[in-house]
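Visitor: This is the content of data-v8.tsv (TSV, C-alpha atoms):
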chain	number	residue	atom	x	y	z
A	145	MET	CA	125.29	51.69	338.77
A	146	LYS	CA	124.49	55.19	337.60
A	147	LEU	CA	121.26	55.61	335.66
A	148	SER	CA	120.11	58.65	333.81
A	149	VAL	CA	116.34	59.25	333.86
A	150	LEU	CA	114.47	61.56	331.46
A	151	LEU	CA	111.56	63.55	332.89
A	152	PHE	CA	108.49	64.94	331.18
A	153	GLY	CA	105.33	66.86	332.09
A	154	ILE	CA	104.48	66.91	335.76
A	155	ALA	CA	107.42	64.61	336.58
A	156	ARG	CA	109.77	67.32	335.31
A	157	ASP	CA	107.96	69.93	337.41
A	158	ILE	CA	108.16	67.73	340.54
A	159	VAL	CA	111.91	67.15	340.19
A	160	GLY	CA	112.68	70.56	338.72
A	161	ASP	CA	114.90	69.20	335.94
A	162	ARG	CA	114.62	67.48	332.55
A	163	GLN	CA	116.94	64.68	333.58
A	164	ILE	CA	118.29	63.19	336.80
A	165	SER	CA	121.06	60.79	337.59
A	166	VAL	CA	120.38	58.07	340.18
A	167	ASP	CA	122.76	55.61	341.77
A	168	LEU	CA	121.25	52.15	342.28
A	169	PRO	CA	122.59	48.63	342.95
A	170	GLU	CA	123.53	46.52	339.91
A	171	ASN	CA	120.62	44.54	338.42
A	172	GLU	CA	118.02	46.82	339.96
A	173	ASN	CA	114.66	46.60	338.20
A	174	VAL	CA	111.94	49.08	337.26
A	175	ALA	CA	110.05	48.54	340.54
A	176	GLY	CA	113.24	49.32	342.48
A	177	LEU	CA	113.80	52.52	340.52
A	178	LEU	CA	110.21	53.64	341.14
A	179	ASN	CA	110.45	52.88	344.86
A	180	TYR	CA	113.62	54.91	345.09
A	181	LEU	CA	112.14	57.87	343.20
A	182	LYS	CA	108.88	57.84	345.18
A	183	LYS	CA	110.85	58.04	348.43
A	184	GLU	CA	113.12	60.75	347.09
A	185	TYR	CA	110.23	62.77	345.59
A	186	PRO	CA	107.07	61.98	347.62
A	187	SER	CA	104.86	63.99	345.20
A	188	PHE	CA	105.18	61.09	342.74
A	189	ASN	CA	102.89	59.12	345.07
A	190	ASP	CA	100.06	61.59	344.37
A	191	LEU	CA	100.01	60.92	340.62
A	192	GLN	CA	97.29	58.93	338.89
A	193	SER	CA	99.99	56.61	337.53
A	194	LEU	CA	103.74	56.56	336.96
A	195	LEU	CA	105.29	54.26	334.37
A	196	VAL	CA	108.81	53.70	333.15
A	197	ALA	CA	109.96	53.43	329.56
A	198	VAL	CA	113.24	51.71	328.73
A	199	ASN	CA	114.72	52.35	325.29
A	200	ASP	CA	111.47	53.83	323.95
A	201	THR	CA	109.22	51.01	325.20
A	202	TYR	CA	106.99	50.66	328.28
A	203	ALA	CA	108.79	48.37	330.73
A	204	LYS	CA	107.30	45.97	333.28
A	205	SER	CA	108.09	46.17	337.02
A	206	GLU	CA	110.48	43.20	336.87
A	207	HIS	CA	112.46	44.55	333.90
A	208	VAL	CA	116.14	44.74	334.90
A	209	LEU	CA	117.87	48.04	334.17
A	210	GLN	CA	121.30	48.58	332.69
A	211	GLU	CA	123.61	51.54	332.84
A	212	ASN	CA	123.39	52.46	329.16
A	213	ASP	CA	119.58	52.19	328.93
A	214	GLU	CA	117.58	55.23	327.90
A	215	ILE	CA	115.17	55.46	330.82
A	216	ALA	CA	112.20	57.81	331.01
A	217	LEU	CA	109.50	58.39	333.61
A	218	ILE	CA	106.04	58.46	332.07
A	219	PRO	CA	103.45	60.31	334.18
A	220	PRO	CA	99.77	60.05	333.06
A	221	VAL	CA	99.68	60.85	329.34
A	222	SER	CA	97.22	63.39	327.95
A	223	GLY	CA	97.86	63.69	324.22
A	224	GLY	CA	95.25	64.12	321.52
B	91	MET	CA	108.66	52.17	308.19
B	92	ALA	CA	105.59	50.91	306.40
B	93	ASP	CA	104.66	53.33	303.63
B	94	TYR	CA	100.92	53.22	304.38
B	95	GLN	CA	101.69	55.24	307.53
B	96	GLU	CA	102.63	58.88	307.93
B	97	ILE	CA	103.40	59.79	311.53
B	98	LEU	CA	104.53	63.25	312.51
B	99	VAL	CA	105.15	65.25	315.69
B	100	THR	CA	105.60	68.93	314.91
B	101	GLU	CA	105.65	72.42	316.40
B	102	ASN	CA	104.14	73.80	313.19
B	103	PRO	CA	100.39	74.35	312.72
B	104	LEU	CA	98.65	71.23	311.38
B	105	GLU	CA	97.13	71.26	307.91
B	106	VAL	CA	94.00	69.16	307.54
B	107	GLU	CA	94.10	69.48	303.73
B	108	LYS	CA	97.57	67.99	303.67
B	109	ALA	CA	96.54	65.01	305.81
B	110	TYR	CA	93.54	64.50	303.53
B	111	ALA	CA	95.67	64.64	300.39
B	112	HIS	CA	98.17	62.20	301.85
B	113	ALA	CA	95.39	59.79	302.83
B	114	GLN	CA	94.33	59.35	299.21
B	115	ALA	CA	95.25	56.01	297.68
B	116	GLY	CA	94.23	53.86	294.76
B	117	ASN	CA	91.51	51.82	296.40
B	118	THR	CA	90.17	54.57	298.66
B	119	GLY	CA	86.40	54.91	298.90
B	120	ALA	CA	86.29	56.74	302.22
B	121	VAL	CA	88.59	59.06	304.15
B	122	ASN	CA	87.73	59.60	307.80
B	123	ILE	CA	89.38	62.60	309.43
B	124	PHE	CA	89.48	63.37	313.13
B	125	VAL	CA	90.70	66.76	314.31
B	126	GLY	CA	91.31	67.41	318.00
B	127	THR	CA	91.17	71.11	318.91
B	128	VAL	CA	91.86	73.33	321.90
B	129	ARG	CA	88.68	73.98	323.92
B	130	ASN	CA	88.09	77.36	325.52
B	131	LYS	CA	86.86	75.95	328.84
B	132	THR	CA	87.49	73.04	331.18
B	133	ASP	CA	84.55	72.82	333.57
B	134	THR	CA	84.04	76.48	334.36
B	135	ARG	CA	87.62	77.70	334.03
B	136	ASN	CA	88.63	79.72	330.99
B	137	VAL	CA	91.55	78.24	329.06
B	138	VAL	CA	94.16	80.71	327.80
B	139	ASN	CA	96.27	78.16	325.93
B	140	LEU	CA	97.58	74.59	326.02
B	141	GLU	CA	101.19	73.53	326.16
B	142	TYR	CA	101.99	70.13	324.64
B	143	GLU	CA	105.17	68.22	325.26
B	144	ALA	CA	106.22	64.89	323.74
B	145	TYR	CA	108.82	62.23	324.40
B	146	GLU	CA	109.21	62.38	320.68
B	147	GLY	CA	111.09	59.20	319.75
B	148	MET	CA	108.85	57.01	321.85
B	149	ALA	CA	105.70	58.92	320.85
B	150	ILE	CA	106.41	58.22	317.19
B	151	LYS	CA	107.15	54.58	317.95
B	152	GLU	CA	103.87	54.19	319.90
B	153	MET	CA	101.87	55.88	317.14
B	154	ARG	CA	103.43	53.52	314.58
B	155	LYS	CA	102.36	50.58	316.74
B	156	ILE	CA	98.80	51.91	316.93
B	157	ALA	CA	98.73	52.35	313.14
B	158	GLU	CA	99.98	48.77	312.75
B	159	GLU	CA	97.26	47.49	315.08
B	160	ALA	CA	94.61	49.42	313.15
B	161	ALA	CA	95.96	48.05	309.86
B	162	SER	CA	95.71	44.52	311.24
B	163	LYS	CA	92.07	45.01	312.29
B	164	TRP	CA	90.68	46.96	309.29
B	165	PRO	CA	91.55	47.05	305.58
B	166	VAL	CA	93.21	50.47	305.65
B	167	GLU	CA	94.88	52.09	302.66
B	168	LYS	CA	96.63	54.93	304.51
B	169	ILE	CA	96.92	56.14	308.09
B	170	ILE	CA	98.05	59.70	308.74
B	171	ILE	CA	98.70	60.86	312.32
B	172	HIS	CA	99.98	64.41	312.80
B	173	HIS	CA	100.37	65.61	316.40
B	174	ARG	CA	101.20	69.17	317.35
B	175	VAL	CA	103.46	70.11	320.27
B	176	GLY	CA	104.38	73.44	321.84
B	177	LYS	CA	102.09	76.29	322.80
B	178	LEU	CA	98.61	76.20	321.23
B	179	ARG	CA	95.82	78.75	321.29
B	180	VAL	CA	92.09	78.10	321.67
B	181	GLY	CA	90.65	76.69	318.43
B	182	GLU	CA	93.93	75.36	317.03
B	183	ALA	CA	94.25	71.75	315.90
B	184	THR	CA	96.16	69.54	318.33
B	185	VAL	CA	95.98	66.30	316.36
B	186	VAL	CA	94.84	65.31	312.89
B	187	ILE	CA	94.17	61.67	312.05
B	188	ALA	CA	93.16	60.61	308.55
B	189	VAL	CA	92.31	57.03	307.67
B	190	SER	CA	91.43	55.83	304.19
B	191	THR	CA	89.71	52.54	303.46
B	192	PRO	CA	87.72	51.10	300.56
B	193	HIS	CA	84.41	51.44	302.48
B	194	ARG	CA	83.21	53.97	305.07
B	195	HIS	CA	82.42	51.74	308.07
B	196	ASP	CA	86.02	50.63	308.41
B	197	SER	CA	87.35	54.18	308.16
B	198	PHE	CA	85.12	55.34	311.06
B	199	GLU	CA	86.07	52.42	313.26
B	200	ALA	CA	89.79	52.56	312.52
B	201	CYS	CA	89.93	56.33	313.07
B	202	ARG	CA	88.12	56.06	316.39
B	203	TYR	CA	90.38	53.22	317.50
B	204	ILE	CA	93.46	55.29	316.68
B	205	ILE	CA	92.44	58.43	318.60
B	206	ASP	CA	91.14	56.44	321.60
B	207	THR	CA	94.34	54.37	321.82
B	208	LEU	CA	96.59	57.37	321.22
B	209	LYS	CA	95.07	59.12	324.24
B	210	LYS	CA	95.84	56.12	326.45
B	211	SER	CA	99.37	55.18	325.48
B	212	VAL	CA	101.30	57.80	323.51
B	213	PRO	CA	103.78	59.74	325.71
B	214	ILE	CA	102.51	63.25	325.05
B	215	TRP	CA	101.43	65.60	327.82
B	216	LYS	CA	99.32	68.73	327.87
B	217	LYS	CA	99.25	71.49	330.39
B	218	GLU	CA	96.17	73.68	330.53
B	219	VAL	CA	96.97	77.29	331.23
B	220	PHE	CA	93.97	79.02	332.77
B	221	GLU	CA	93.37	82.67	333.58
B	222	ASP	CA	93.96	81.72	337.23
B	223	GLY	CA	96.65	79.02	337.16
B	224	GLU	CA	97.87	75.99	335.26
B	225	GLU	CA	97.53	72.21	335.46
B	226	TRP	CA	98.94	69.07	333.79
B	227	VAL	CA	95.87	67.27	332.45
B	228	SER	CA	94.94	63.92	334.11
B	229	ALA	CA	98.06	63.95	336.30
B	230	HIS	CA	96.20	63.49	339.58
B	231	PRO	CA	93.31	61.18	340.53
Now, as a test, write the supplied structure out as structure tokens.

Guide:
Amino acid sequence: MKLSVLLFGIARDIVGDRQISVDLPENENVAGLLNYLKKEYPSFNDLQSLLVAVNDTYAKSEHVLQENDEIALIPPVSGG
Amino acid sequence: MADYQEILVTENPLEVEKAYAHAQAGNTGAVNIFVGTVRNKTDTRNVVNLEYEAYEGMAIKEMRKIAEEAASKWPVEKIIIHHRVGKLRVGEATVVIAVSTPHRHDSFEACRYIIDTLKKSVPIWKKEVFEDGEEWVSAHP
């Protein structure tokens, strides 16, 4: 399945784009997506943390992804 | 959306007076206002400006959740959270939080809870631009 992933902050700088498309097996979960991205972009491993949001909500590692989900990578936040 | 909350992410300069006015309510005895501002130094490096970026839809949703949590812990009348994004100069307000309650203790505690939780969970990022380089804050261990 093709997933579209939104990128912000340092994650956008690492990838060099605001959004990427990734091709993963059906029923892949958040942990699988992160593993794939950390292999593809090793600099993600250097971050303090890297979370995934699915449809505007923080998602757990075992959360199963679907093709029409709005997926975003959340590097360490620093608002305020 | 609950009408005791006013949550905003904006590229426009924040107005503390407006947040204060909006925090007024019938049973208000105390309004606690927190203003985050752009510092001129981090450690010894001079800051030129800050650049804030938000995942806006989710940021608003997370701030609403924080306001709901605060409202469940303290007897709040109004919660105003205004967060700036874009390029900010030294001294400008980055966030304004105003909490009104019948009595002062609750307004202090609720306001502190909101800013502390916001910093941990709301998907907003700042990049510090120094005279000699730039850095996403807290990105690396």

Visitor: Considering only C-alpha atoms, extract the chain A residues located within 12 Å of chain B and return them as a ChimeraX atom specification.

Guide: /A:150-158,162,187-202,214-224

Visitor: Rank nothing, just name the residue among B:Gly223, B:Gly176, B:Gly181, B:Gly119 nearest to Ser197 (chain B), using all atoms listed in the file.

Guide: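 With all atoms listed in the file as the atom set, the closest residue is B:Gly119.
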
Visitor: So, with only C-alpha atoms as the atoms that count, which of B:Asn122, B:Asn136, B:Asn130, B:Asp222 lies closest to Arg202 (chain B)?

Guide: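 Residue with the minimum atom-to-atom distance to Arg202 (chain B): B:Asn122.
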
Visitor: Report, in Å to a single decimal, how far apart CA of Tyr185 (chain A) and CA of Glu170 (chain A) are.

Guide: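 Computing the Euclidean distance for CA of Glu170 (chain A) and CA of Tyr185 (chain A) yields 21.8 Å.
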
Visitor: Can you tell me, as a PyMOL selection string, what residues are no more than 9 Å from Ala120 (chain B) when counting all atoms listed in the file, ignoring any on the same chain fewer than 5 positions away?

Guide: chain B and resi 114+189-197

Visitor: For CA of Ala161 (chain B) and CA of His207 (chain A), determine how far apart the two atoms are, in Å to one decimal place.

Guide: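 These atoms are spaced 29.4 Å apart.
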
Visitor: Using Å and a single decimal, report how far CA of Val166 (chain A) sits from CA of Leu147 (chain A).

Guide: 5.2 Å

Visitor: Would you please work out which residue, of B:Leu178, B:Lys168, B:His112, B:Val219, is nearest to Ala200 (chain B) when using all atoms listed in the file?

Guide: B:Lys168

Visitor: Because the input lacks atoms here, generate N, CA and C atoms for region 137-166 of chain B and report them as a PDB file, keeping the file's coordinate frame.

Guide:
ATOM      1  N   VAL B 137      90.225  78.659 329.507  1.00  0.00           N
ATOM      2  CA  VAL B 137      91.550  78.240 329.060  1.00  0.00           C
ATOM      3  C   VAL B 137      92.188  79.363 328.232  1.00  0.00           C
ATOM      4  N   VAL B 138      93.428  79.692 328.563  1.00  0.00           N
ATOM      5  CA  VAL B 138      94.160  80.710 327.800  1.00  0.00           C
ATOM      6  C   VAL B 138      94.888  80.034 326.651  1.00  0.00           C
ATOM      7  N   ASN B 139      95.640  78.969 326.972  1.00  0.00           N
ATOM      8  CA  ASN B 139      96.270  78.160 325.930  1.00  0.00           C
ATOM      9  C   ASN B 139      96.629  76.786 326.491  1.00  0.00           C
ATOM     10  N   LEU B 140      97.106  75.906 325.616  1.00  0.00           N
ATOM     11  CA  LEU B 140      97.580  74.590 326.020  1.00  0.00           C
ATOM     12  C   LEU B 140      99.043  74.482 325.653  1.00  0.00           C
ATOM     13  N   GLU B 141      99.785  73.781 326.492  1.00  0.00           N
ATOM     14  CA  GLU B 141     101.190  73.530 326.160  1.00  0.00           C
ATOM     15  C   GLU B 141     101.389  72.022 326.065  1.00  0.00           C
ATOM     16  N   TYR B 142     101.777  71.559 324.876  1.00  0.00           N
ATOM     17  CA  TYR B 142     101.990  70.130 324.640  1.00  0.00           C
ATOM     18  C   TYR B 142     103.471  69.818 324.626  1.00  0.00           C
ATOM     19  N   GLU B 143     103.782  68.677 325.211  1.00  0.00           N
ATOM     20  CA  GLU B 143     105.170  68.220 325.260  1.00  0.00           C
ATOM     21  C   GLU B 143     105.173  66.740 324.917  1.00  0.00           C
ATOM     22  N   ALA B 144     106.156  66.305 324.138  1.00  0.00           N
ATOM     23  CA  ALA B 144     106.220  64.890 323.740  1.00  0.00           C
ATOM     24  C   ALA B 144     107.580  64.299 324.077  1.00  0.00           C
ATOM     25  N   TYR B 145     107.587  63.013 324.385  1.00  0.00           N
ATOM     26  CA  TYR B 145     108.820  62.230 324.400  1.00  0.00           C
ATOM     27  C   TYR B 145     108.869  61.697 322.965  1.00  0.00           C
ATOM     28  N   GLU B 146     109.483  62.506 322.103  1.00  0.00           N
ATOM     29  CA  GLU B 146     109.210  62.380 320.680  1.00  0.00           C
ATOM     30  C   GLU B 146     109.525  61.012 320.074  1.00  0.00           C
ATOM     31  N   GLY B 147     110.709  60.487 320.354  1.00  0.00           N
ATOM     32  CA  GLY B 147     111.090  59.200 319.750  1.00  0.00           C
ATOM     33  C   GLY B 147     110.099  58.109 320.116  1.00  0.00           C
ATOM     34  N   MET B 148     109.776  58.053 321.396  1.00  0.00           N
ATOM     35  CA  MET B 148     108.850  57.010 321.850  1.00  0.00           C
ATOM     36  C   MET B 148     107.428  57.297 321.362  1.00  0.00           C
ATOM     37  N   ALA B 149     107.047  58.565 321.315  1.00  0.00           N
ATOM     38  CA  ALA B 149     105.700  58.920 320.850  1.00  0.00           C
ATOM     39  C   ALA B 149     105.503  58.438 319.414  1.00  0.00           C
ATOM     40  N   ILE B 150     106.502  58.654 318.583  1.00  0.00           N
ATOM     41  CA  ILE B 150     106.410  58.220 317.190  1.00  0.00           C
ATOM     42  C   ILE B 150     106.332  56.695 317.115  1.00  0.00           C
ATOM     43  N   LYS B 151     107.153  56.040 317.939  1.00  0.00           N
ATOM     44  CA  LYS B 151     107.150  54.580 317.950  1.00  0.00           C
ATOM     45  C   LYS B 151     105.780  54.034 318.388  1.00  0.00           C
ATOM     46  N   GLU B 152     105.194  54.641 319.421  1.00  0.00           N
ATOM     47  CA  GLU B 152     103.870  54.190 319.900  1.00  0.00           C
ATOM     48  C   GLU B 152     102.791  54.449 318.861  1.00  0.00           C
ATOM     49  N   MET B 153     102.878  55.583 318.169  1.00  0.00           N
ATOM     50  CA  MET B 153     101.870  55.880 317.140  1.00  0.00           C
ATOM     51  C   MET B 153     102.004  54.906 315.971  1.00  0.00           C
ATOM     52  N   ARG B 154     103.241  54.530 315.638  1.00  0.00           N
ATOM     53  CA  ARG B 154     103.430  53.520 314.580  1.00  0.00           C
ATOM     54  C   ARG B 154     102.785  52.192 314.979  1.00  0.00           C
ATOM     55  N   LYS B 155     102.965  51.835 316.253  1.00  0.00           N
ATOM     56  CA  LYS B 155     102.360  50.580 316.740  1.00  0.00           C
ATOM     57  C   LYS B 155     100.846  50.627 316.621  1.00  0.00           C
ATOM     58  N   ILE B 156     100.258  51.767 316.997  1.00  0.00           N
ATOM     59  CA  ILE B 156      98.800  51.910 316.930  1.00  0.00           C
ATOM     60  C   ILE B 156      98.338  51.795 315.480  1.00  0.00           C
ATOM     61  N   ALA B 157      99.088  52.429 314.572  1.00  0.00           N
ATOM     62  CA  ALA B 157      98.730  52.350 313.140  1.00  0.00           C
ATOM     63  C   ALA B 157      98.821  50.894 312.668  1.00  0.00           C
ATOM     64  N   GLU B 158      99.851  50.191 313.127  1.00  0.00           N
ATOM     65  CA  GLU B 158      99.980  48.770 312.750  1.00  0.00           C
ATOM     66  C   GLU B 158      98.805  47.957 313.261  1.00  0.00           C
ATOM     67  N   GLU B 159      98.411  48.208 314.512  1.00  0.00           N
ATOM     68  CA  GLU B 159      97.260  47.490 315.080  1.00  0.00           C
ATOM     69  C   GLU B 159      96.002  47.771 314.267  1.00  0.00           C
ATOM     70  N   ALA B 160      95.803  49.049 313.933  1.00  0.00           N
ATOM     71  CA  ALA B 160      94.610  49.420 313.150  1.00  0.00           C
ATOM     72  C   ALA B 160      94.649  48.718 311.787  1.00  0.00           C
ATOM     73  N   ALA B 161      95.832  48.672 311.193  1.00  0.00           N
ATOM     74  CA  ALA B 161      95.960  48.050 309.860  1.00  0.00           C
ATOM     75  C   ALA B 161      95.731  46.541 309.924  1.00  0.00           C
ATOM     76  N   SER B 162      95.951  45.955 311.116  1.00  0.00           N
ATOM     77  CA  SER B 162      95.710  44.520 311.240  1.00  0.00           C
ATOM     78  C   SER B 162      94.231  44.212 311.497  1.00  0.00           C
ATOM     79  N   LYS B 163      93.488  45.227 311.963  1.00  0.00           N
ATOM     80  CA  LYS B 163      92.070  45.010 312.290  1.00  0.00           C
ATOM     81  C   LYS B 163      91.140  45.420 311.147  1.00  0.00           C
ATOM     82  N   TRP B 164      91.540  46.443 310.360  1.00  0.00           N
ATOM     83  CA  TRP B 164      90.680  46.960 309.290  1.00  0.00           C
ATOM     84  C   TRP B 164      91.500  47.060 307.995  1.00  0.00           C
ATOM     85  N   PRO B 165      90.827  46.983 306.848  1.00  0.00           N
ATOM     86  CA  PRO B 165      91.550  47.050 305.580  1.00  0.00           C
ATOM     87  C   PRO B 165      91.912  48.486 305.198  1.00  0.00           C
ATOM     88  N   VAL B 166      92.888  49.065 305.902  1.00  0.00           N
ATOM     89  CA  VAL B 166      93.210  50.470 305.650  1.00  0.00           C
ATOM     90  C   VAL B 166      94.145  50.615 304.448  1.00  0.00           C
TER      91      VAL B 166
END
